[in-house]
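Below is one structure; the comments refer to it alone.
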Amino acid sequence: MTDRILTTLMTEHPTDSHTLSRYEAAGGYTALRSALTMKPEEIVEQVKASNLKGRGGAGFPTGVKWGFLAPGAERYLVVNADESEPGTFKDRQLLERDPHQVLEGVLISAFALDVHRVFVYVRGEYPRPARRMQAAIDEARGAGLVGDDVAGSGYAIEVSVHLGAGAYICGEETALLNSLEGRRGEPRIKPPFPAVAGLYALPTIVNNVETLANVPWIVTNGGSAYDAIGPEGSRGTRMFSLSGHIERPGNYELVMGMSWRDLIYDVGGGVRDGRDLKAWIPGGASAPWFVPALHLDTPVTDDDVGRLGSMLGSGAVVVMDETTNVVAAALSIVKFFAHESCGQCTPCREGTTWMEQILERILHGAGRPSDLDLLLDISDNISPGLRWPPAMTTICPLGPSAVSPITSIMRHFRGEVEEMVMAGATHV
Amino acid sequence: MSERITITVDGKELEVDPGTLLIQAAQDHGTYIPRFCWHPRMNPVGMCRMCLVEVEGPRGPMLTTSCTAVCTEGMVVDTRSDTVKKAQEGVLEFLLVNHPLDCPVCDRGGECPLQDQTLSHGPGESRFVEEKRHFEKPIAISDLVLLDRERCILCARCTRFSDEISGDPLIEFLDRGTYTQINTFPDEPFASYFSGNTVQLCPVGALTATPYRFRARPWDLEAVESTCTSCSVGCRVSVQASHNEVLRLLGVDVEATNHGWLCDRGRFGFEYLRSPGRLSAPLVRNADGELVESTWAEALDAAAAGLRRVIDGSGPAAIAGIGGARSTNEEAYAFATLLRDTIGTPHLDAAVGEAPDPLLLTGAANRGIIGDLETARTVLVWGPDLKEDLPVLYLRVRRAATELGATLIVAHPAPTGLDHCADHVLRYRPGDGAGMLARLTGGDDELASVRDALAEGPVVAIVGRTGMTEDPGLANAVAAFAAGLPDARVLPVAHRGNLFGAIDMGMSPVTGPGRVALDAASRGRDTTGILEALDSGEIGALVLLGADPAADHPSSAMARAAVDKASFLVSFDLFVTESNRGADVIFPVDAFAEVEGTVTNLEGRVQKVNRLVPGVGQSRPAVEAIADLASRLGGSIPGTAAAIADRIRETVPGYDEVSWTTLGWGPGRDGVVVSASSPAPDGSVDGSAPDGMALHLGRVLYGDGTMIAAGPSLAKLVPAPTARLHPEDAERLGVADGGSVTVTGDGGEAELPVTIDPGLLPGTVAVPANLGLSFGASPAVSVEAVS
Amino acid sequence: MSAWSDETMERAQSLVASYPDPRSAVMPLLYLAMREEGGPLTDDGMRIVADLIGYTPVQVQAVASFYTMYKRHVGRHLVSVCTSISCHLLGAGEVLAAAADEVGVPVGGTAEDGSVTVEGVECIGACGGAVAVQVDYEFVEGVTPEAARSLCRWLVDESPETVRSDDMQERFGGATAFDWGSEDPTDAVGPMPAFGPYGTAGGA
Ligand SMILES: Cc1cc2nc3c(=O)[nH]c(=O)nc-3n(C[C@H](O)[C@H](O)[C@H](O)COP(=O)(O)O)c2cc1C
Ligand code: SF4
Ligand code: FES
């Protein structure tokens with residue numbers, strides 16, 4: 001069984017994995033060449049069969065999404081490299097260390113989707129990944145792999161890198177499209193979905209960097225080979241970004257299905273300095289937190305995590321040790337969402353800031369006993385019922401994401417919050 | 001129209017048209033869903049989140065904004081569930097957390113949707129104990145509009161209006177998240193001709209208009225629906241007054257004309273009504289040659305005696321009358337009757353040398369209505385710059401081009417407000433319109449794509465004079481050409497508020513009441529002819545009804561001299577003007593919002609104007625004054641507008657369906673379109689641009705007319721005139737942007753600062769027509785640099 | 001309105017031409033505008049961008065002000081300390097305070113001599129290398145409060161023309177989020193991302 005798809009080259013050739021020569025030496029672009037001999041539909045079928053799910057956070061089956069792409073002479077593929085979910089740094093590594101793998105995935109996908117124009121939207125704070133991606137495109141163009149006649153097949157493709165400028169919300173696919181169109185990066189109302197009316201209102205597929213990086217392997221090895229990796233519903237390998245109070249932070253490409261205990265203690269080396277584990281975020285700042293008493297021995301799969309009221313999201317695991325002030329931690333996350341709210345929706349714009357102000361007050365010893373229920377009720381007005389997956393009074397899930405840390409600390413650490421309110425003092 | 005579909009709202013089955021937005025469908029059936037950002041005339045954005053309802057979906061009920069949800073067959077909706085109520089209350093509370101709640105000092109207090117919905121849907125006690133967001137307040141974002149960002153709820157109505165509807169995106173959302181604010185660019189004010197609409201659209205008191213600010217509380221206002229008479233589009237308005245003073249106009253949404261919008265001139269132009277310069281008593285010239293206040297009886301006697309002397313001395317044809325284009329139909333009818341029947345002169349005109357041929361206005365073939373723009377494939381605008389001249393018609397054309405996908409062709413000697421959304425712009429030198437038309441009809445290869453577009457019907461052609469130096473025959477020719485295009489509808493246009501109505505009432509030298517063309521023998525002189533005859537002494541006396549040829553005629557210098565030569569001059573007016581300052585008798589008459597009556601817009605649509613406030617001092621309705629004068633001259637004209645309205649219905653062809661009762665207001669009452677027609681005018685034209693520089697004289701929205709000058713809000717918006725020149729001409733003349741030139745025409749000259757405009761053709765000089773300059777009506781001018 | 005150099009204008013036009021719709025070029029053009037003005041985004045810069053793509057200036061400002069990286073006020077170098085959750089847990093607060101203190105400015109402030117701006121930012125994608133810092137958007141990871149001081153001291157005292165990630169990491173950084181592999185020799189020329197096609201990178 002394969003347990004590494006994406007990180008082989010960069011592990012084996014740390015100094016030059018980003019170059020065309022190294023990539024080709026390791027068999028790179030053979031998948032593209034064989035894809036070009038296939039019918040586009042066949043490639044889509046392989047991706048469907050692989051049961052690859054999107055790695056951008058929403059986890060939507062990639063092949064199914066591709067199947068929704070509306071017909072049209074002009075269509076686009078947009079690569080979401082806006083990676084900004086706190087805790088996440090995997091796309092950065094894929095772009096910096098193996099950009100040709102991403103590019104090959106992009107080219108195959110574009111060919112499969114009958115697309116001739118691709119934009120890679122890289123967050124503004126990632127100039128180095130953008131440079132590496134651009135260099136890869138330039139090299140590939142020099143080698144005839146990008147341009148009017150890809151590898152002599154007659155297929156024409158243009159790939160451009162577009163830099164963001166500091167806005168997490170532009171990772172949301174419709175906000176990204178607005179941003180790319182030169183507008184404010186505000187999410188659009190769906191439907192219509194991008195596959196029907198996306199960039200410039202034309203049919204568009206938006207995929208995450210990591211998602212597309214899997215495509216060459218799937219073409220080479222077949223969709224069913226990919227579908228044979230990992231447990232049902234969570235096929236393939238996946239990049240996990242470990243951070244926070246963990247002994248060995250970093251990106252790990254793993255087959256899903258292990259327990260959280262294995263992931264945190266075996267892969268990540270446990271909590272730093274041998275401290276006790278207090279909580280962890282299983283899938284980026286948007287995800288409700290897990291705690292050892294309830295979740296440590298549950299499996300790391302999309303379905304299990306979802307059933308337990310959270311998500312694997314962007315694959316970012318943030319570990320908090322026993323010393324963590326959960327109010328301060330929740331504040332950090334709520335502040336993030338308040339700062340990143342685009343501001344269109346009343347509940348998100350006003351609610352996130354209000355929750356931030358209340359948490360700030362509690363942290364600084366000016367909490368009121370009524371604040372706890374108030375926080376929950378504000379949360380409820382952003383995400384009615386506080387269910388999972390979340391209901392929303394907003395256009396996009398950013399508002400409801402800001403609710404996750406609130407419900408998490410209220411559910412698991414209410415006593416601690418109450419104590420802080422009562423003591424009227426800071427425990428930073 | 002496709003089959004109706006059925007949806008269920010709160011347990012009730014409703015039949016709706018497919019494609020209807022849920023919020024609209026519910027409202028049409030009596031269920032009002034609260035909302036802030038949604039507006040039926042703009043694309044939904046679903047931002048405020050107030051209109052959330054639950055729509056049944058595969059995974060149970062889902063909260064959905066009803067302003068963005070399109071009705072689909074079988075849709076099941078709950079607008080009142082506990083979840084919906086809680087969500088709506090939540091949204092309101094969120095809106096209020098940063099709202100200053102300064103309702104007692106807010107212009108919107110008492111008519112504020114936020115206030116109202118807080119009372120009906122909102123939470124009670126505030127749970128928000130934090131510091132509210134602060135902004136400097138209010139800031140002036142233009143000469144007319146103030147912005148209070150603390151009150152703003154970020155509904156995007158103002159930004160959408162100025163981007164989508166009026167096409168001048170000068171206000172925008174800036175920053176993001178909780179810091180999001182509406183603002184303008186530094187040093188780039190919200191100088192839109194339509195800015196007042198954003199004030200009306202604002203669901204809170206964030207945008208306020210300086211003319212109305214702090215003037216009244218909504219509950220003190222009396223209101224009446226009426227028709228704006230600022231130009232001939234005839235927008236529906238609600239006129240609102242307090243203590244007998246008109247304080248504001250709001251647009252009322254009617255499908256036929258304005259869709260609820262107004263231009264700022266129409267909206268804020270009412271200030272002249274209570275201007276200190278307004279005439280409040282009759283004025284009669286005394287033995288010392290001074291105009292002095294007198295009684296009505298004395299003034300009427302003096303006027304009658306003076307006119308009688310002229311009739312007796314030189315015959316009735318020595319008297320001429322100009323006016324009616326700023327009056328109601330009833331006033332114009334009375335005036336035409338006074339002139340033609342009581343006095344017996346054929347010399348009468350409602351236009352002042354600036355309008356198209358009256359036979360075009362009354363007799364264009366295949367005449368259309370504004371609403372035809374909704375279904376047009378191709379729109380040809382070959383007439384005035386609509387944005388400057390007929391602003392709300394500009395909005396309707398813009399909508400056709402940008403929202404409805406029509407192909408827009410604009411032909412004009414200078415850049416126009418529509419160029420930005422035009423698919424084809426045909427530019428020619430002033431005087432060369434006939435040549436351009438010949439190229440278009442004659443198969444010039446360069447214009448092939450324009451011809452292709454014109455071959456796609458339905459075609460709507462908006463035709464008028466592009467400017468005052470243009471031969472009126474060109475518009476006739478363009479209209480004749482356009483009438484032959486596939487599924488053509490031709491809309492002849494002219495600027496002044498009730499010019500069409502006045503002509504219909506007979507205030508025209510070539511047509512009698514009801515667009516009946518007169519035979520050659522009965523025809524009289526038009527205004528230019530009248531002025532020439534005054535100058536030569538053939539005509540001795542002049543009667544003016546709200547007309548100011550000495551200011552408005554293209555050869556205003558000539559007009560002024562001619563009017564000064566009148567041996568006897570009677571004027572019915574609101575002000576002392578360039579034209580009547582030498583009058584023998586001036587009667588102060590009631591104005592807009594002071595009289596009841598009808599007006600006829602450029603479509604021939606007759607609409608009602610209503611009375612809300614009294615006139616000033618001793619002013620009287622013009623119909624009464626005209627009737628009194630007529631009776632002193634032995635004539636008989638009914639003395640009330642209502643009685644004249646009956647007479648019009650009985651006697652004026654085409655107006656037999658028009659009565660004040662049929663024009664009563666209410667939804668769906670879009671007035672009555674009169675369909676009578678004179679024969680179309682001759683459609684042949686020739687002529688070419690002059691050899692040297694050719695002058696274009698186009699109107700600007702804020703001219704220096706008496707009524708604008710009398711209102712403080714608009715008076716400050718009147719621009720200083722400039723001469724626009726193509727860069728090549730400027731270079732040849734050796735002038736830079738800001739330098740000076742003298743423009744000399746056969747009717748006057750002026751020294752003007754230069755603006756470089758690469759949008760002109762070389763050999764063109766463009767000068768505003770209505771800023772008090774006089775060059776004459778010929779395009780041939782000389783332009784010289786002033787060192 | 002000040003004009004851009006011919007070379008910049010040419011670059012601007014080619015950026016506009018590189019998109020199916022000119023308005024899509026607004027973001028790269030804003031970076032170009034910053035480079036042209038030597039750092040901060042100016043009203044004139046936005047006016048020129050507006051002209052290039054058929055926006056009104058306020059439409060450009062609406063876009064520019066939506067993002068955090070088009071700064072109106074910024075020093076020659078921009079020190080951005082991540083304060084989001086992973087860095088927060090590992091002491092971002094102290095690192096940020098140390099940096100600001102060393103430069104002698106409040107957080108968000110710019111040194112009087114215009115050398116350095118210190119800001120706290122949301123997640124920059126180096127969570128495994130907490131506490132993460134960027135100088136002119138080039139990473140330095142595993143930064144301690146002391147290292148942050150030295151880094152700022154260096155920027156203030158030496159006012160380097162350009163900065164390079166690998167150099168700074170070697171001098172001031174600690175553990176990285178992942179193995180960076182081989183060096184990237186690109187010079188960052190100021191408080192905007194160094195990206196060749198936008199004309200905002202130097203060297204290499
Ligand atoms: C607030 C928000 C932020 C997001 N940020 C990212 C991001 O940074 N990167 C990403 O790939 N997807 C992000 N997404 C998910 C995208 O909307 C989209 O689902 C994804 O790019 C689709 O690609 P995939 O199917 O390959 O995952 C975000 C979604 C939301 C709601
Ligand atoms: S939920 Fe927040 S971020 Fe998402 S569209 Fe609404 S305001 Fe913007
Ligand atoms: S009215 Fe529907 S969201 Fe504002």
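Identifiers in the structure tokens: chain A, B, ... in order shown; residue index from 1 per chain; ligand index from 1 in order shown.
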
- Task: Check which residues fall inside 8 Å of ligand 1 when counting only C-alpha atoms and all ligand atoms, and print them as a PyMOL selection string.
- Result: chain A and resi 53-62+65+79-85+168-174+206-212+314+396-398+401

Residues of the last selection are to be written out with C-alpha atoms, as a short mmCIF file (atom, residue, chain, number, x, y, z; two decimals), in the first residue's frame.
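selection.cif, freshly written:
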```cif
data_model
loop_
_atom_site.label_atom_id
_atom_site.label_comp_id
_atom_site.auth_asym_id
_atom_site.auth_seq_id
_atom_site.Cartn_x
_atom_site.Cartn_y
_atom_site.Cartn_z
CA LYS A 53 -12.30 14.66 -2.12
CA GLY A 54 -11.41 18.31 -2.18
CA ARG A 55 -8.61 19.28 0.18
CA GLY A 56 -9.55 22.94 0.45
CA GLY A 57 -11.80 22.42 3.41
CA ALA A 58 -15.24 21.56 2.15
CA GLY A 59 -14.31 18.00 1.18
CA PHE A 60 -16.53 17.84 -1.89
CA PRO A 61 -15.84 14.87 -4.21
CA THR A 62 -13.68 16.26 -6.99
CA LYS A 65 -17.77 18.59 -9.03
CA VAL A 79 -6.42 26.78 -8.54
CA ASN A 80 -7.12 27.82 -4.99
CA ALA A 81 -3.73 28.54 -3.45
CA ASP A 82 -5.06 31.11 -1.05
CA GLU A 83 -4.29 28.86 1.91
CA SER A 84 -5.07 31.00 4.95
CA GLU A 85 -6.96 28.84 7.39
CA TYR A 168 -8.59 35.06 4.10
CA ILE A 169 -12.08 35.26 2.65
CA CYS A 170 -10.62 35.08 -0.84
CA GLY A 171 -10.05 31.40 -0.12
CA GLU A 172 -13.80 30.97 -0.35
CA GLU A 173 -14.18 30.07 -3.97
CA THR A 174 -16.71 32.70 -5.05
CA VAL A 206 -12.16 25.80 -8.48
CA ASN A 207 -9.89 23.27 -6.84
CA ASN A 208 -7.39 23.32 -4.06
CA VAL A 209 -3.66 22.90 -4.71
CA GLU A 210 -3.40 19.62 -2.86
CA THR A 211 -6.51 18.24 -4.55
CA LEU A 212 -5.01 18.79 -8.00
CA SER A 314 -8.04 21.93 5.71
CA CYS A 396 -20.84 31.95 3.40
CA PRO A 397 -19.58 29.73 6.21
CA LEU A 398 -17.10 32.25 7.60
CA SER A 401 -16.87 29.34 11.60
#
```

- Message: I'd like to know which residues of chain C are helix (DSSP H, G or I) (by DSSP, run on the backbone); could you write them as a ChimeraX atom specification?
- Response: /C:6-17,22-36,43-53,57-64,85-89,92-103,127-129,145-158,165-172,196-198

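Nearest residue to chain B among C:Pro57, C:Gly120, C:Pro185, C:Pro106 is C:Pro57, counting only C-alpha atoms.
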
With only C-alpha atoms and all ligand atoms counted and 6 Å as the cut-off, give the residues of chain A in contact with ligand 2, each with its shortest interatomic distance in Å and the pair that gives it, as JSON lines.
```
{"residue": "A:Glu186", "atom": "CA", "partner": "ligand 2", "partner_atom_place_in_ligand_line": "8 (Fe)", "distance": 6.0}
{"residue": "A:Pro187", "atom": "CA", "partner": "ligand 2", "partner_atom_place_in_ligand_line": "5 (S)", "distance": 4.9}
{"residue": "A:Ser341", "atom": "CA", "partner": "ligand 2", "partner_atom_place_in_ligand_line": "3 (S)", "distance": 4.0}
{"residue": "A:Cys342", "atom": "CA", "partner": "ligand 2", "partner_atom_place_in_ligand_line": "8 (Fe)", "distance": 3.9}
{"residue": "A:Gly343", "atom": "CA", "partner": "ligand 2", "partner_atom_place_in_ligand_line": "7 (S)", "distance": 4.1}
{"residue": "A:Gln344", "atom": "CA", "partner": "ligand 2", "partner_atom_place_in_ligand_line": "7 (S)", "distance": 4.2}
{"residue": "A:Cys345", "atom": "CA", "partner": "ligand 2", "partner_atom_place_in_ligand_line": "7 (S)", "distance": 3.9}
{"residue": "A:Cys348", "atom": "CA", "partner": "ligand 2", "partner_atom_place_in_ligand_line": "2 (Fe)", "distance": 4.5}
{"residue": "A:Arg349", "atom": "CA", "partner": "ligand 2", "partner_atom_place_in_ligand_line": "7 (S)", "distance": 5.3}
{"residue": "A:Thr394", "atom": "CA", "partner": "ligand 2", "partner_atom_place_in_ligand_line": "1 (S)", "distance": 4.6}
{"residue": "A:Ile395", "atom": "CA", "partner": "ligand 2", "partner_atom_place_in_ligand_line": "5 (S)", "distance": 4.7}
{"residue": "A:Cys396", "atom": "CA", "partner": "ligand 2", "partner_atom_place_in_ligand_line": "4 (Fe)", "distance": 4.0}
{"residue": "A:Pro397", "atom": "CA", "partner": "ligand 2", "partner_atom_place_in_ligand_line": "1 (S)", "distance": 5.6}
{"residue": "A:Leu398", "atom": "CA", "partner": "ligand 2", "partner_atom_place_in_ligand_line": "1 (S)", "distance": 4.7}
{"residue": "A:Gly399", "atom": "CA", "partner": "ligand 2", "partner_atom_place_in_ligand_line": "1 (S)", "distance": 4.2}
```

Using N, CA, C and O atoms, can you export the residues from the last selection as a PDB file, in the first residue's frame?
```
ATOM      1  N   GLU A 186     -15.700  39.528  -2.031  1.00  0.00           N
ATOM      2  CA  GLU A 186     -16.883  39.169  -1.256  1.00  0.00           C
ATOM      3  C   GLU A 186     -17.513  37.920  -1.843  1.00  0.00           C
ATOM      4  O   GLU A 186     -17.706  37.833  -3.056  1.00  0.00           O
ATOM      5  N   PRO A 187     -17.840  36.947  -0.987  1.00  0.00           N
ATOM      6  CA  PRO A 187     -18.481  35.733  -1.508  1.00  0.00           C
ATOM      7  C   PRO A 187     -19.782  36.059  -2.227  1.00  0.00           C
ATOM      8  O   PRO A 187     -20.456  37.034  -1.906  1.00  0.00           O
ATOM      9  N   SER A 341     -13.752  38.831   8.205  1.00  0.00           N
ATOM     10  CA  SER A 341     -15.114  38.921   7.673  1.00  0.00           C
ATOM     11  C   SER A 341     -15.123  39.943   6.544  1.00  0.00           C
ATOM     12  O   SER A 341     -14.573  41.033   6.683  1.00  0.00           O
ATOM     13  N   CYS A 342     -15.766  39.580   5.458  1.00  0.00           N
ATOM     14  CA  CYS A 342     -15.812  40.547   4.356  1.00  0.00           C
ATOM     15  C   CYS A 342     -16.723  41.707   4.710  1.00  0.00           C
ATOM     16  O   CYS A 342     -16.575  42.798   4.193  1.00  0.00           O
ATOM     17  N   GLY A 343     -17.702  41.446   5.579  1.00  0.00           N
ATOM     18  CA  GLY A 343     -18.554  42.536   6.033  1.00  0.00           C
ATOM     19  C   GLY A 343     -19.885  42.660   5.318  1.00  0.00           C
ATOM     20  O   GLY A 343     -20.663  43.552   5.614  1.00  0.00           O
ATOM     21  N   GLN A 344     -20.148  41.770   4.368  1.00  0.00           N
ATOM     22  CA  GLN A 344     -21.448  41.854   3.677  1.00  0.00           C
ATOM     23  C   GLN A 344     -22.603  41.537   4.605  1.00  0.00           C
ATOM     24  O   GLN A 344     -23.597  42.239   4.632  1.00  0.00           O
ATOM     25  N   CYS A 345     -22.504  40.393   5.294  1.00  0.00           N
ATOM     26  CA  CYS A 345     -23.658  39.898   6.045  1.00  0.00           C
ATOM     27  C   CYS A 345     -23.705  40.549   7.415  1.00  0.00           C
ATOM     28  O   CYS A 345     -22.718  40.541   8.150  1.00  0.00           O
ATOM     29  N   CYS A 348     -22.528  38.272  10.436  1.00  0.00           N
ATOM     30  CA  CYS A 348     -21.096  37.994  10.495  1.00  0.00           C
ATOM     31  C   CYS A 348     -20.325  39.262  10.839  1.00  0.00           C
ATOM     32  O   CYS A 348     -19.468  39.275  11.725  1.00  0.00           O
ATOM     33  N   ARG A 349     -20.658  40.341  10.151  1.00  0.00           N
ATOM     34  CA  ARG A 349     -19.934  41.598  10.359  1.00  0.00           C
ATOM     35  C   ARG A 349     -20.061  42.079  11.803  1.00  0.00           C
ATOM     36  O   ARG A 349     -19.085  42.423  12.455  1.00  0.00           O
ATOM     37  N   THR A 394     -25.981  33.479   7.250  1.00  0.00           N
ATOM     38  CA  THR A 394     -25.024  34.259   6.458  1.00  0.00           C
ATOM     39  C   THR A 394     -24.893  33.702   5.046  1.00  0.00           C
ATOM     40  O   THR A 394     -25.424  32.632   4.753  1.00  0.00           O
ATOM     41  N   ILE A 395     -24.167  34.417   4.212  1.00  0.00           N
ATOM     42  CA  ILE A 395     -23.971  33.976   2.830  1.00  0.00           C
ATOM     43  C   ILE A 395     -22.972  32.829   2.770  1.00  0.00           C
ATOM     44  O   ILE A 395     -23.179  31.851   2.066  1.00  0.00           O
ATOM     45  N   CYS A 396     -21.884  32.964   3.486  1.00  0.00           N
ATOM     46  CA  CYS A 396     -20.838  31.949   3.403  1.00  0.00           C
ATOM     47  C   CYS A 396     -20.553  31.407   4.792  1.00  0.00           C
ATOM     48  O   CYS A 396     -21.021  31.949   5.791  1.00  0.00           O
ATOM     49  N   PRO A 397     -19.792  30.344   4.889  1.00  0.00           N
ATOM     50  CA  PRO A 397     -19.583  29.725   6.205  1.00  0.00           C
ATOM     51  C   PRO A 397     -18.594  30.459   7.114  1.00  0.00           C
ATOM     52  O   PRO A 397     -18.318  29.963   8.207  1.00  0.00           O
ATOM     53  N   LEU A 398     -18.071  31.605   6.709  1.00  0.00           N
ATOM     54  CA  LEU A 398     -17.104  32.253   7.596  1.00  0.00           C
ATOM     55  C   LEU A 398     -17.754  32.664   8.910  1.00  0.00           C
ATOM     56  O   LEU A 398     -17.189  32.452   9.985  1.00  0.00           O
ATOM     57  N   GLY A 399     -18.925  33.255   8.828  1.00  0.00           N
ATOM     58  CA  GLY A 399     -19.604  33.675  10.056  1.00  0.00           C
ATOM     59  C   GLY A 399     -19.779  32.503  11.007  1.00  0.00           C
ATOM     60  O   GLY A 399     -19.320  32.537  12.158  1.00  0.00           O
TER      61      GLY A 399
END
```

- Got a sec: who's within 7 Å of Leu22 in chain B, counting only C-alpha atoms, leaving out chain neighbours fewer than 2 positions off, as a VMD selection string? chain B and resid 20 24 to 26 66 to 67 69 to 71

Export, as a compact mmCIF listing (two decimals), in the first residue's frame, the selected residues with N, CA and C atoms.
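Saved file out.txt follows:
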```txt
# COMPACT_ATOMS: atom_id res chain seq x y z
N THR B 20 -40.03 34.71 -10.53
CA THR B 20 -40.27 35.76 -9.54
C THR B 20 -39.43 35.49 -8.30
N GLN B 24 -40.86 39.04 -3.54
CA GLN B 24 -41.84 39.76 -4.36
C GLN B 24 -43.14 38.97 -4.44
N ALA B 25 -43.00 37.66 -4.68
CA ALA B 25 -44.19 36.82 -4.80
C ALA B 25 -45.00 36.87 -3.51
N ALA B 26 -44.31 36.77 -2.38
CA ALA B 26 -45.01 36.80 -1.10
C ALA B 26 -45.71 38.14 -0.92
N SER B 66 -35.09 35.50 1.11
CA SER B 66 -36.19 35.47 0.14
C SER B 66 -35.96 36.47 -0.98
N CYS B 67 -35.01 37.39 -0.79
CA CYS B 67 -34.75 38.36 -1.85
C CYS B 67 -33.86 37.78 -2.93
N ALA B 69 -33.97 34.20 -3.47
CA ALA B 69 -34.53 32.91 -3.85
C ALA B 69 -35.55 33.10 -4.96
N VAL B 70 -35.36 32.38 -6.04
CA VAL B 70 -36.29 32.44 -7.16
C VAL B 70 -37.35 31.35 -6.95
N CYS B 71 -38.61 31.70 -7.13
CA CYS B 71 -39.69 30.74 -6.92
C CYS B 71 -39.56 29.57 -7.90
```

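Nearest-residue note for chain B: choosing from C:Arg171, C:Arg23, C:Arg47, C:His77, the minimum distance belongs to C:Arg47, counting only C-alpha atoms.
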
- ligand 3: which residues are within 7 Å, counting only C-alpha atoms and all ligand atoms, as a list in words? Arg35, Phe36, Cys37, Trp38, Val45, Gly46, Met47, Cys48, Arg49, Met50, Cys51, Leu52, Thr65, Ser66, Cys67, Thr68 and Cys155 of chain B

- Output the contact residues of chain A with respect to chain C at a cut-off of 7 Å, based on only C-alpha atoms, as JSON, numbers by chain. {"A": [14, 15, 16, 84, 86, 87, 88, 89, 97, 124, 125, 127, 131, 165, 166, 167, 180, 181, 182, 183, 184, 242, 243, 244, 249, 250, 251, 318, 329, 332, 333, 336]}

- Report as a VMD selection string the set of chain B residues whose atoms approach chain A to within 10 Å, with distances computed over only C-alpha atoms. chain B and resid 44 to 50 52 to 53 62 to 65 68 to 69 83 to 84 86 to 98 127 to 132 153 to 156 173 to 181

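Among C:Ala111, C:Val133, C:Leu52, C:Met46, the residue with the shortest atom-to-atom distance to chain B, counting only C-alpha atoms, is C:Met46.
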
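Closest approach to chain C among B:Ile182, B:Ala317, B:Val463, B:Ile369 is made by B:Ile182 (distances from only C-alpha atoms).
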
- Message: When you look at range 20-23 of chain A with a cut-off of 8 Å (counting only C-alpha atoms), what residues show up, excluding the ones that are within fewer than 5 positions of it in the same chain? I need them as JSON, numbers by chain.
- Response: {"A": [9, 28, 29, 98, 100, 101, 136, 139, 140]}

All strand (DSSP E or B) residues (DSSP, backbone) inside range 48-87 of chain C, as a short mmCIF file (atom, residue, chain, number, x, y, z; two decimals) with N, CA, C and O atoms, in the first residue's frame:
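Listing of selection13.cif after writing:
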```cif
data_model
loop_
_atom_site.label_atom_id
_atom_site.label_comp_id
_atom_site.auth_asym_id
_atom_site.auth_seq_id
_atom_site.Cartn_x
_atom_site.Cartn_y
_atom_site.Cartn_z
N HIS C 77 10.60 48.93 5.33
CA HIS C 77 10.43 47.49 5.54
C HIS C 77 9.25 47.25 6.45
O HIS C 77 8.98 48.04 7.36
N LEU C 78 8.60 46.14 6.19
CA LEU C 78 7.40 45.81 6.94
C LEU C 78 7.64 44.51 7.71
O LEU C 78 7.93 43.48 7.11
N VAL C 79 7.56 44.61 9.02
CA VAL C 79 7.72 43.42 9.86
C VAL C 79 6.34 42.97 10.30
O VAL C 79 5.63 43.70 11.00
N SER C 80 5.94 41.77 9.87
CA SER C 80 4.60 41.28 10.18
C SER C 80 4.72 40.06 11.09
O SER C 80 5.31 39.05 10.70
N VAL C 81 4.19 40.18 12.29
CA VAL C 81 4.26 39.08 13.25
C VAL C 81 2.90 38.41 13.29
O VAL C 81 1.88 39.06 13.53
N CYS C 82 2.90 37.10 13.06
CA CYS C 82 1.64 36.37 13.08
C CYS C 82 1.13 36.22 14.50
O CYS C 82 1.88 35.88 15.41
#
```

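Summary of the local environment: counting only C-alpha atoms, residues at most 9 Å from range 137-143 of chain B, other than itself and those fewer than 5 positions away along its chain, are Asp148, Arg149, Glu150, Ile171, Asn183, Thr184, Glu188, Pro189, Phe190, Ala191, Ser192, Ser195, Ala206, Leu207, Ala209, Thr210, Ser713, Leu714, Lys716 and Leu717 of chain B.
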